[in-house]
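Peer 1: Quick one: this structure, given as structure tokens, is what I'll be asking you about.
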Amino acid sequence: MNENVEVVVVGGGYGGVTAANRLARRVGVSVTLVNPRPEFVSRIRLHQLVTGSDDAVEGFGEVLGRNVRLVVDSATRIDAGERRVSLAGGDTLSYDYLVYAVGSGAADPGVPGAAEFAHWVSDLEGAERLRSALDAAPASASVTVVGAGPTGLETAAELAETGRKVTLVCGNVLGPSLHARVRRPVARRLARLGVTVLEGPGAQVTEVTGEGVRLGDGREVPGAVTIWTAGFRVPDLAARSGLRTDSAGRLLTDTTLTSVDDERIVAAGDAGVMPDHPFRMSCQAAVQLGPAAADTILRRISGKTPAPVRMFFAGQCLSLGRKEGVTQFSYPNDKVNALSISGRTGAGVKEIACRFTLNKLVSGARKASSRPAHVSPHGDITGRTTPSDTRPAA
């Protein structure tokens, strides 16, 4: 491959980082990663940031190969016709191929008062604001967690273990993504921690106020701090750029993760969707989709036909505080089964999973860094990570 190929990766989460590192291993490929923050956010530890048991960030120097150029900025538009990305800081980046890996964040629940009074734990800034709110509230003040999916369960348990009085509003059922048998050890652990669990048809929040939440059956649940963990959304960058998306705003792709509008744009992570082969938005999916997206691009560069992506799921690991956890096993197609590990062993498995994920990123960075440095057509030495703008995202 004599001609240098420029690849821009938009988003520095699990999918974006793994894609960038895989691409940067190929000689003749220059990789630029655009991310609004100067550090990598370990989203699977954000609930720990809230209680101070982890800072949930890693330096990009640890997880991103030195052959990848880091631009700290936000993409505002993708011009597919011109193969150019516009940035909030005013610059533009040209590309031969683009990896769309903008991730996901908290969804607007459309519930009165939620935007004004509720806190989120789905991104770094939201988790930091939540921690500040909890620090400002008396230790005896009650906390309401809305949503009993993995994020809600982990957040409720983490807070209760520190002595907080926590009410978990499920909306319907505790742990909807878990097998019925696996919900039992989760419920027992929450009970031991003193978490009040509200579930059933009437346990849906209809309003959030500064003093708590109101439920569909008329109950008032007092709380000094309300945490909303139900639902995720993706940024609207694809839609604003004129690319086809599904009703949730995810970039529509074929089974090779290629945009249905442009073979030069490939998705990785939560912000893309294969309509005929949907997958659960998760870190477990993203670390598979990142390398798969890179392989699609590398095969096209080599003149080969990209292969359909193949996903493999093992289950879900939940931490229920620092001392206990639950691992829910699944079939390879992500359908859960009745097998699980709970208690201290479950907590150990979750910690191993978190460390394994980080180690996988570090290993990918080392492999990418082993390629000799070279100079891109823009004059950048891409044998190092060089933030060009340290301003926060607009």
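For the structure tokens, the naming scheme is as follows: chains receive sequential letters (A, B, ...) according to their order of presentation, residues are indexed from 1 within each chain, and ligands are indexed from 1 in presentation order.
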Could you pull out the strand (DSSP E or B) residues of segment 84-200 of chain A from DSSP and send them as a compact mmCIF listing (two decimals) with N, CA and C atoms, in the first residue's frame?

Peer 2:
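Just written: part-v5.txt:
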# COMPACT_ATOMS: atom_id res chain seq x y z
N ARG A 84 -15.23 15.14 4.99
CA ARG A 84 -14.67 16.14 5.89
C ARG A 84 -15.52 16.21 7.15
N VAL A 85 -14.85 16.38 8.30
CA VAL A 85 -15.53 16.52 9.59
C VAL A 85 -15.29 17.92 10.11
N SER A 86 -16.38 18.62 10.46
CA SER A 86 -16.26 19.95 11.06
C SER A 86 -16.23 19.81 12.57
N LEU A 87 -15.39 20.60 13.22
CA LEU A 87 -15.22 20.54 14.67
C LEU A 87 -15.75 21.80 15.33
N THR A 92 -11.40 21.70 10.59
CA THR A 92 -11.99 20.59 9.86
C THR A 92 -10.93 19.51 9.67
N LEU A 93 -11.39 18.27 9.54
CA LEU A 93 -10.50 17.14 9.30
C LEU A 93 -10.98 16.40 8.06
N SER A 94 -10.07 16.14 7.14
CA SER A 94 -10.39 15.36 5.96
C SER A 94 -10.12 13.89 6.24
N TYR A 97 -11.59 7.38 5.27
CA TYR A 97 -12.60 6.57 5.95
C TYR A 97 -12.87 7.19 7.31
N LEU A 98 -14.10 6.99 7.79
CA LEU A 98 -14.48 7.54 9.09
C LEU A 98 -15.12 6.44 9.94
N VAL A 99 -14.72 6.37 11.21
CA VAL A 99 -15.34 5.47 12.17
C VAL A 99 -16.26 6.30 13.06
N TYR A 100 -17.54 5.97 13.02
CA TYR A 100 -18.56 6.70 13.79
C TYR A 100 -18.74 5.98 15.12
N GLY A 105 -25.51 8.41 25.77
CA GLY A 105 -25.60 9.15 27.03
C GLY A 105 -26.99 9.02 27.60
N ALA A 106 -27.28 9.81 28.59
CA ALA A 106 -28.59 9.74 29.24
C ALA A 106 -29.68 10.23 28.31
N ALA A 118 -33.30 16.12 38.33
CA ALA A 118 -32.65 14.81 38.42
C ALA A 118 -31.18 14.90 38.01
N HIS A 119 -30.42 13.92 38.48
CA HIS A 119 -29.00 13.79 38.13
C HIS A 119 -28.81 12.51 37.32
N SER A 142 -32.12 11.19 52.23
CA SER A 142 -32.50 10.06 51.39
C SER A 142 -32.21 10.33 49.92
N VAL A 143 -31.92 9.25 49.19
CA VAL A 143 -31.58 9.32 47.76
C VAL A 143 -32.54 8.42 47.00
N THR A 144 -33.06 8.90 45.88
CA THR A 144 -33.95 8.10 45.04
C THR A 144 -33.25 7.78 43.73
N VAL A 145 -33.18 6.50 43.40
CA VAL A 145 -32.61 6.05 42.13
C VAL A 145 -33.76 5.57 41.26
N VAL A 146 -33.90 6.14 40.07
CA VAL A 146 -34.97 5.78 39.15
C VAL A 146 -34.40 4.89 38.04
N LYS A 165 -29.39 6.30 52.70
CA LYS A 165 -30.74 5.76 52.67
C LYS A 165 -31.24 5.86 51.24
N VAL A 166 -31.44 4.70 50.59
CA VAL A 166 -31.72 4.68 49.15
C VAL A 166 -33.06 4.02 48.86
N THR A 167 -33.83 4.64 47.97
CA THR A 167 -35.05 4.04 47.43
C THR A 167 -34.83 3.81 45.94
N LEU A 168 -35.06 2.59 45.49
CA LEU A 168 -34.90 2.24 44.09
C LEU A 168 -36.29 2.10 43.45
N VAL A 169 -36.59 2.99 42.51
CA VAL A 169 -37.88 2.95 41.82
C VAL A 169 -37.68 2.21 40.50
N THR A 196 -34.79 0.36 49.77
CA THR A 196 -36.23 0.18 49.59
C THR A 196 -36.51 0.05 48.10
N VAL A 197 -37.08 -1.09 47.69
CA VAL A 197 -37.33 -1.35 46.27
C VAL A 197 -38.82 -1.19 45.98
N LEU A 198 -39.14 -0.33 45.04
CA LEU A 198 -40.52 -0.11 44.62
C LEU A 198 -40.68 -0.63 43.20

Peer 1: Taking only residues of segment 249-308 of chain A that have an atom at most 12 Å from an atom of segment 316-320 of chain A, what is each one's shortest atom pair and its distance in Å to one decimal, using only C-alpha atoms, in chain and number order, as JSON lines?

Peer 2:
{"residue": "A:Arg280", "atom": "CA", "partner": "A:Gln316", "partner_atom": "CA", "distance": 10.9}
{"residue": "A:Ser282", "atom": "CA", "partner": "A:Gln316", "partner_atom": "CA", "distance": 9.6}
{"residue": "A:Cys283", "atom": "CA", "partner": "A:Gln316", "partner_atom": "CA", "distance": 10.3}
{"residue": "A:Gln284", "atom": "CA", "partner": "A:Gln316", "partner_atom": "CA", "distance": 8.7}
{"residue": "A:Ala285", "atom": "CA", "partner": "A:Gln316", "partner_atom": "CA", "distance": 11.3}

Peer 1: Which polymer residues have any atom within 8 Å of an atom of Arg371 of chain A, counting only C-alpha atoms, with same-chain residues fewer than 3 positions away left out, as a list of chain:residue names?

Peer 2: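 That gives A:Ala24, A:Arg25, A:Arg26, A:Val27, A:Asn67, A:Lys367, A:Ala368.
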
Peer 1: Name all residues at most 12 Å from Val349 of chain A (count only C-alpha atoms; drop same-chain ones fewer than 2 positions away) and give them as a ChimeraX atom specification.

Peer 2: /A:315-320,322-329,340-347,351-356

Peer 1: Those same residues, written as a PDB file, in the first residue's frame with C-alpha atoms?

Peer 2:
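Output (selection_11.pdb):
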ATOM      1  CA  GLY A 315     -23.365 -12.393  30.250  1.00  0.00           C
ATOM      2  CA  GLN A 316     -23.642  -9.355  32.500  1.00  0.00           C
ATOM      3  CA  CYS A 317     -21.481  -8.572  35.527  1.00  0.00           C
ATOM      4  CA  LEU A 318     -22.989  -6.353  38.230  1.00  0.00           C
ATOM      5  CA  SER A 319     -21.257  -4.916  41.255  1.00  0.00           C
ATOM      6  CA  LEU A 320     -23.601  -4.542  44.220  1.00  0.00           C
ATOM      7  CA  ARG A 322     -17.628  -3.216  46.795  1.00  0.00           C
ATOM      8  CA  LYS A 323     -18.216  -6.458  48.714  1.00  0.00           C
ATOM      9  CA  GLU A 324     -20.766  -8.368  46.636  1.00  0.00           C
ATOM     10  CA  GLY A 325     -21.923  -8.720  43.066  1.00  0.00           C
ATOM     11  CA  VAL A 326     -23.816 -10.897  40.616  1.00  0.00           C
ATOM     12  CA  THR A 327     -22.700 -12.344  37.302  1.00  0.00           C
ATOM     13  CA  GLN A 328     -25.589 -13.232  34.998  1.00  0.00           C
ATOM     14  CA  PHE A 329     -24.527 -15.724  32.318  1.00  0.00           C
ATOM     15  CA  SER A 340     -25.184 -16.976  37.877  1.00  0.00           C
ATOM     16  CA  ILE A 341     -22.457 -16.293  40.413  1.00  0.00           C
ATOM     17  CA  SER A 342     -23.278 -14.100  43.384  1.00  0.00           C
ATOM     18  CA  GLY A 343     -21.846 -12.825  46.657  1.00  0.00           C
ATOM     19  CA  ARG A 344     -18.151 -12.038  47.091  1.00  0.00           C
ATOM     20  CA  THR A 345     -17.265 -14.267  44.157  1.00  0.00           C
ATOM     21  CA  GLY A 346     -19.662 -12.291  41.980  1.00  0.00           C
ATOM     22  CA  ALA A 347     -17.945  -9.067  43.042  1.00  0.00           C
ATOM     23  CA  GLU A 351     -13.688  -6.584  39.137  1.00  0.00           C
ATOM     24  CA  ILE A 352     -11.832  -9.043  36.908  1.00  0.00           C
ATOM     25  CA  ALA A 353     -14.097  -8.056  34.000  1.00  0.00           C
ATOM     26  CA  CYS A 354     -13.372  -4.353  34.568  1.00  0.00           C
ATOM     27  CA  ARG A 355      -9.624  -4.912  34.757  1.00  0.00           C
ATOM     28  CA  PHE A 356      -9.666  -7.249  31.758  1.00  0.00           C
TER      29      PHE A 356
END

Peer 1: Would you please give, as a tab-separated table (two decimals) with all heavy atoms, in the first residue's frame, all residues of segment 216-329 of chain A that DSSP assigns to alpha helix (DSSP H) based on the backbone?

Peer 2:
chain	number	residue	atom	x	y	z
A	237	LEU	N	-25.46	13.53	15.78
A	237	LEU	CA	-24.49	13.92	14.75
A	237	LEU	C	-24.82	13.30	13.40
A	237	LEU	O	-24.76	13.97	12.36
A	237	LEU	CB	-23.07	13.53	15.19
A	237	LEU	CG	-21.96	13.79	14.17
A	237	LEU	CD1	-21.85	15.27	13.86
A	237	LEU	CD2	-20.63	13.24	14.69
A	238	ALA	N	-25.16	12.02	13.37
A	238	ALA	CA	-25.46	11.36	12.09
A	238	ALA	C	-26.67	11.99	11.42
A	238	ALA	O	-26.65	12.30	10.22
A	238	ALA	CB	-25.70	9.86	12.32
A	239	ALA	N	-27.73	12.18	12.19
A	239	ALA	CA	-28.95	12.77	11.63
A	239	ALA	C	-28.70	14.19	11.14
A	239	ALA	O	-29.16	14.59	10.06
A	239	ALA	CB	-30.06	12.76	12.67
A	240	ARG	N	-27.95	14.99	11.93
A	240	ARG	CA	-27.65	16.36	11.51
A	240	ARG	C	-26.78	16.41	10.26
A	240	ARG	O	-26.76	17.40	9.54
A	240	ARG	CB	-26.93	17.10	12.65
A	240	ARG	CG	-27.86	17.56	13.76
A	240	ARG	CD	-27.17	18.49	14.73
A	240	ARG	NE	-26.27	17.79	15.65
A	240	ARG	CZ	-24.95	17.90	15.63
A	240	ARG	NH1	-24.34	18.65	14.72
A	240	ARG	NH2	-24.21	17.24	16.51
A	283	CYS	N	-20.62	-1.99	26.93
A	283	CYS	CA	-19.18	-2.07	26.78
A	283	CYS	C	-18.79	-3.39	26.13
A	283	CYS	O	-17.89	-3.45	25.28
A	283	CYS	CB	-18.52	-1.93	28.15
A	283	CYS	SG	-16.79	-2.41	28.21
A	284	GLN	N	-19.49	-4.46	26.51
A	284	GLN	CA	-19.18	-5.79	25.98
A	284	GLN	C	-19.35	-5.83	24.46
A	284	GLN	O	-18.59	-6.49	23.76
A	284	GLN	CB	-20.09	-6.84	26.64
A	284	GLN	CG	-19.72	-8.27	26.32
A	284	GLN	CD	-20.53	-9.27	27.11
A	284	GLN	OE1	-20.45	-10.46	26.87
A	284	GLN	NE2	-21.32	-8.81	28.07
A	285	ALA	N	-20.36	-5.12	23.96
A	285	ALA	CA	-20.56	-5.04	22.51
A	285	ALA	C	-19.52	-4.12	21.87
A	285	ALA	O	-18.96	-4.44	20.81
A	285	ALA	CB	-21.96	-4.55	22.20
A	286	ALA	N	-19.23	-2.99	22.51
A	286	ALA	CA	-18.35	-1.99	21.92
A	286	ALA	C	-16.94	-2.52	21.68
A	286	ALA	O	-16.32	-2.22	20.65
A	286	ALA	CB	-18.31	-0.75	22.80
A	287	VAL	N	-16.40	-3.31	22.63
A	287	VAL	CA	-15.03	-3.79	22.46
A	287	VAL	C	-14.94	-4.86	21.38
A	287	VAL	O	-13.83	-5.21	20.94
A	287	VAL	CB	-14.47	-4.34	23.80
A	287	VAL	CG1	-14.34	-3.23	24.82
A	287	VAL	CG2	-15.30	-5.48	24.34
A	288	GLN	N	-16.08	-5.38	20.93
A	288	GLN	CA	-16.09	-6.28	19.78
A	288	GLN	C	-16.33	-5.50	18.48
A	288	GLN	O	-15.75	-5.80	17.44
A	288	GLN	CB	-17.18	-7.33	19.93
A	288	GLN	CG	-17.03	-8.24	21.13
A	288	GLN	CD	-18.16	-9.24	21.24
A	288	GLN	OE1	-18.28	-10.16	20.43
A	288	GLN	NE2	-19.01	-9.06	22.24
A	289	LEU	N	-17.18	-4.48	18.56
A	289	LEU	CA	-17.54	-3.72	17.37
A	289	LEU	C	-16.40	-2.81	16.90
A	289	LEU	O	-16.26	-2.57	15.70
A	289	LEU	CB	-18.78	-2.88	17.66
A	289	LEU	CG	-20.07	-3.69	17.88
A	289	LEU	CD1	-21.15	-2.82	18.50
A	289	LEU	CD2	-20.55	-4.30	16.57
A	290	GLY	N	-15.58	-2.31	17.83
A	290	GLY	CA	-14.46	-1.46	17.44
A	290	GLY	C	-13.49	-2.16	16.50
A	290	GLY	O	-13.24	-1.69	15.38
A	291	PRO	N	-12.93	-3.30	16.92
A	291	PRO	CA	-12.04	-4.03	16.01
A	291	PRO	C	-12.73	-4.49	14.73
A	291	PRO	O	-12.12	-4.51	13.66
A	291	PRO	CB	-11.60	-5.23	16.86
A	291	PRO	CG	-11.75	-4.76	18.27
A	291	PRO	CD	-12.96	-3.87	18.26
A	292	ALA	N	-14.02	-4.85	14.83
A	292	ALA	CA	-14.75	-5.28	13.64
A	292	ALA	C	-14.88	-4.14	12.64
A	292	ALA	O	-14.75	-4.34	11.42
A	292	ALA	CB	-16.13	-5.80	14.04
A	293	ALA	N	-15.16	-2.93	13.13
A	293	ALA	CA	-15.24	-1.76	12.25
A	293	ALA	C	-13.90	-1.50	11.59
A	293	ALA	O	-13.82	-1.20	10.39
A	293	ALA	CB	-15.69	-0.54	13.05
A	294	ALA	N	-12.82	-1.63	12.36
A	294	ALA	CA	-11.48	-1.44	11.80
A	294	ALA	C	-11.20	-2.47	10.72
A	294	ALA	O	-10.64	-2.15	9.66
A	294	ALA	CB	-10.44	-1.53	12.92
A	295	ASP	N	-11.58	-3.72	10.97
A	295	ASP	CA	-11.34	-4.78	9.98
A	295	ASP	C	-12.11	-4.53	8.69
A	295	ASP	O	-11.62	-4.83	7.60
A	295	ASP	CB	-11.72	-6.14	10.58
A	295	ASP	CG	-10.73	-6.61	11.63
A	295	ASP	OD1	-9.61	-6.04	11.68
A	295	ASP	OD2	-11.07	-7.54	12.38
A	296	THR	N	-13.33	-3.98	8.81
A	296	THR	CA	-14.10	-3.64	7.60
A	296	THR	C	-13.33	-2.63	6.76
A	296	THR	O	-13.22	-2.77	5.53
A	296	THR	CB	-15.48	-3.08	8.01
A	296	THR	OG1	-16.28	-4.14	8.51
A	296	THR	CG2	-16.18	-2.45	6.81
A	297	ILE	N	-12.78	-1.61	7.40
A	297	ILE	CA	-12.02	-0.60	6.67
A	297	ILE	C	-10.74	-1.18	6.10
A	297	ILE	O	-10.39	-0.94	4.92
A	297	ILE	CB	-11.70	0.59	7.61
A	297	ILE	CG1	-12.99	1.34	7.95
A	297	ILE	CG2	-10.69	1.54	6.97
A	297	ILE	CD1	-12.82	2.42	8.99
A	298	LEU	N	-10.02	-1.97	6.88
A	298	LEU	CA	-8.76	-2.54	6.41
A	298	LEU	C	-8.96	-3.47	5.23
A	298	LEU	O	-8.13	-3.52	4.31
A	298	LEU	CB	-8.06	-3.27	7.56
A	298	LEU	CG	-7.58	-2.36	8.70
A	298	LEU	CD1	-7.05	-3.19	9.87
A	298	LEU	CD2	-6.49	-1.40	8.21
A	299	ARG	N	-10.06	-4.22	5.23
A	299	ARG	CA	-10.34	-5.10	4.10
A	299	ARG	C	-10.66	-4.28	2.85
A	299	ARG	O	-10.23	-4.63	1.74
A	299	ARG	CB	-11.49	-6.04	4.43
A	299	ARG	CG	-11.12	-7.12	5.45
A	299	ARG	CD	-12.27	-8.08	5.70
A	299	ARG	NE	-12.50	-8.94	4.54
A	299	ARG	CZ	-11.88	-10.09	4.31
A	299	ARG	NH1	-10.94	-10.52	5.15
A	299	ARG	NH2	-12.17	-10.81	3.24
A	300	ARG	N	-11.38	-3.19	3.01
A	300	ARG	CA	-11.66	-2.34	1.84
A	300	ARG	C	-10.37	-1.72	1.30
A	300	ARG	O	-10.18	-1.61	0.08
A	300	ARG	CB	-12.66	-1.25	2.22
A	300	ARG	CG	-14.09	-1.76	2.32
A	300	ARG	CD	-15.11	-0.67	1.98
A	300	ARG	NE	-16.43	-1.29	1.86
A	300	ARG	CZ	-17.31	-1.38	2.85
A	300	ARG	NH1	-17.01	-0.89	4.04
A	300	ARG	NH2	-18.48	-1.96	2.64
A	301	ILE	N	-9.51	-1.29	2.19
A	301	ILE	CA	-8.23	-0.72	1.76
A	301	ILE	C	-7.44	-1.74	0.95
A	301	ILE	O	-6.78	-1.40	-0.04
A	301	ILE	CB	-7.42	-0.25	2.99
A	301	ILE	CG1	-8.08	0.98	3.63
A	301	ILE	CG2	-5.99	0.10	2.58
A	301	ILE	CD1	-7.45	1.39	4.94

Peer 1: Wanna dump the segment 25-131 of chain A-segment 203-208 of chain A contacts at 9 Å for me, each residue with its shortest atom pair and the distance in Å to one decimal, counting only C-alpha atoms, ordered by chain and number, as JSON lines?

Peer 2:
{"residue": "A:Val111", "atom": "CA", "partner": "A:Glu207", "partner_atom": "CA", "distance": 5.8}
{"residue": "A:Pro112", "atom": "CA", "partner": "A:Glu207", "partner_atom": "CA", "distance": 5.0}
{"residue": "A:Gly113", "atom": "CA", "partner": "A:Val208", "partner_atom": "CA", "distance": 4.6}
{"residue": "A:Ala114", "atom": "CA", "partner": "A:Val208", "partner_atom": "CA", "distance": 5.3}
{"residue": "A:Ala115", "atom": "CA", "partner": "A:Val208", "partner_atom": "CA", "distance": 8.7}
{"residue": "A:Glu116", "atom": "CA", "partner": "A:Val208", "partner_atom": "CA", "distance": 8.3}
{"residue": "A:Phe117", "atom": "CA", "partner": "A:Val208", "partner_atom": "CA", "distance": 6.5}
{"residue": "A:Ala118", "atom": "CA", "partner": "A:Val208", "partner_atom": "CA", "distance": 7.1}

Peer 1: With distances taken over only C-alpha atoms, which residue among A:Ser241, A:Val225, A:Ala75, A:Asp261 lies nearest Pro138 of chain A?

Peer 2: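 Checking each candidate against Pro138 of chain A, we get A:Val225 as the closest.
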
Peer 1: Could you pull the residues within 12 Å of Leu49 of chain A, counting only C-alpha atoms, minus those fewer than 5 positions along the same chain, as a VMD selection string?

Peer 2: chain A and resid 41 to 44 54 to 57 121 to 132 134 154 to 155 158 to 159

Peer 1: From the options A:Ala248, A:Val63, A:Val10, A:Ala160, which residue's atoms come nearest to Ala141 of chain A, counting only C-alpha atoms?

Peer 2: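 Closest to Ala141 of chain A, using only C-alpha atoms: A:Ala160.
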
Peer 1: How many Å separate atom CA of Gly200 of chain A from atom CA of Ala314 of chain A?

Peer 2: 29.0 Å

Peer 1: Separation of atom CA of Ser363 of chain A and atom CA of Thr18 of chain A, in Å?

Peer 2: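 Distance between the two atoms: 10.0 Å.
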
Peer 1: I need the residue nearest Ser140 of chain A from this list: A:Thr162, A:Thr253, A:Asn21, A:Thr245. Use only C-alpha atoms for the distance.

Peer 2: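 The closest residue to Ser140 of chain A is A:Thr162.
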
Peer 1: Identify which of the residues A:Leu358, A:Ala230, A:Met274, A:Leu252 lies closest to Asp108 of chain A, counting only C-alpha atoms when measuring atom-to-atom distances.

Peer 2: A:Ala230
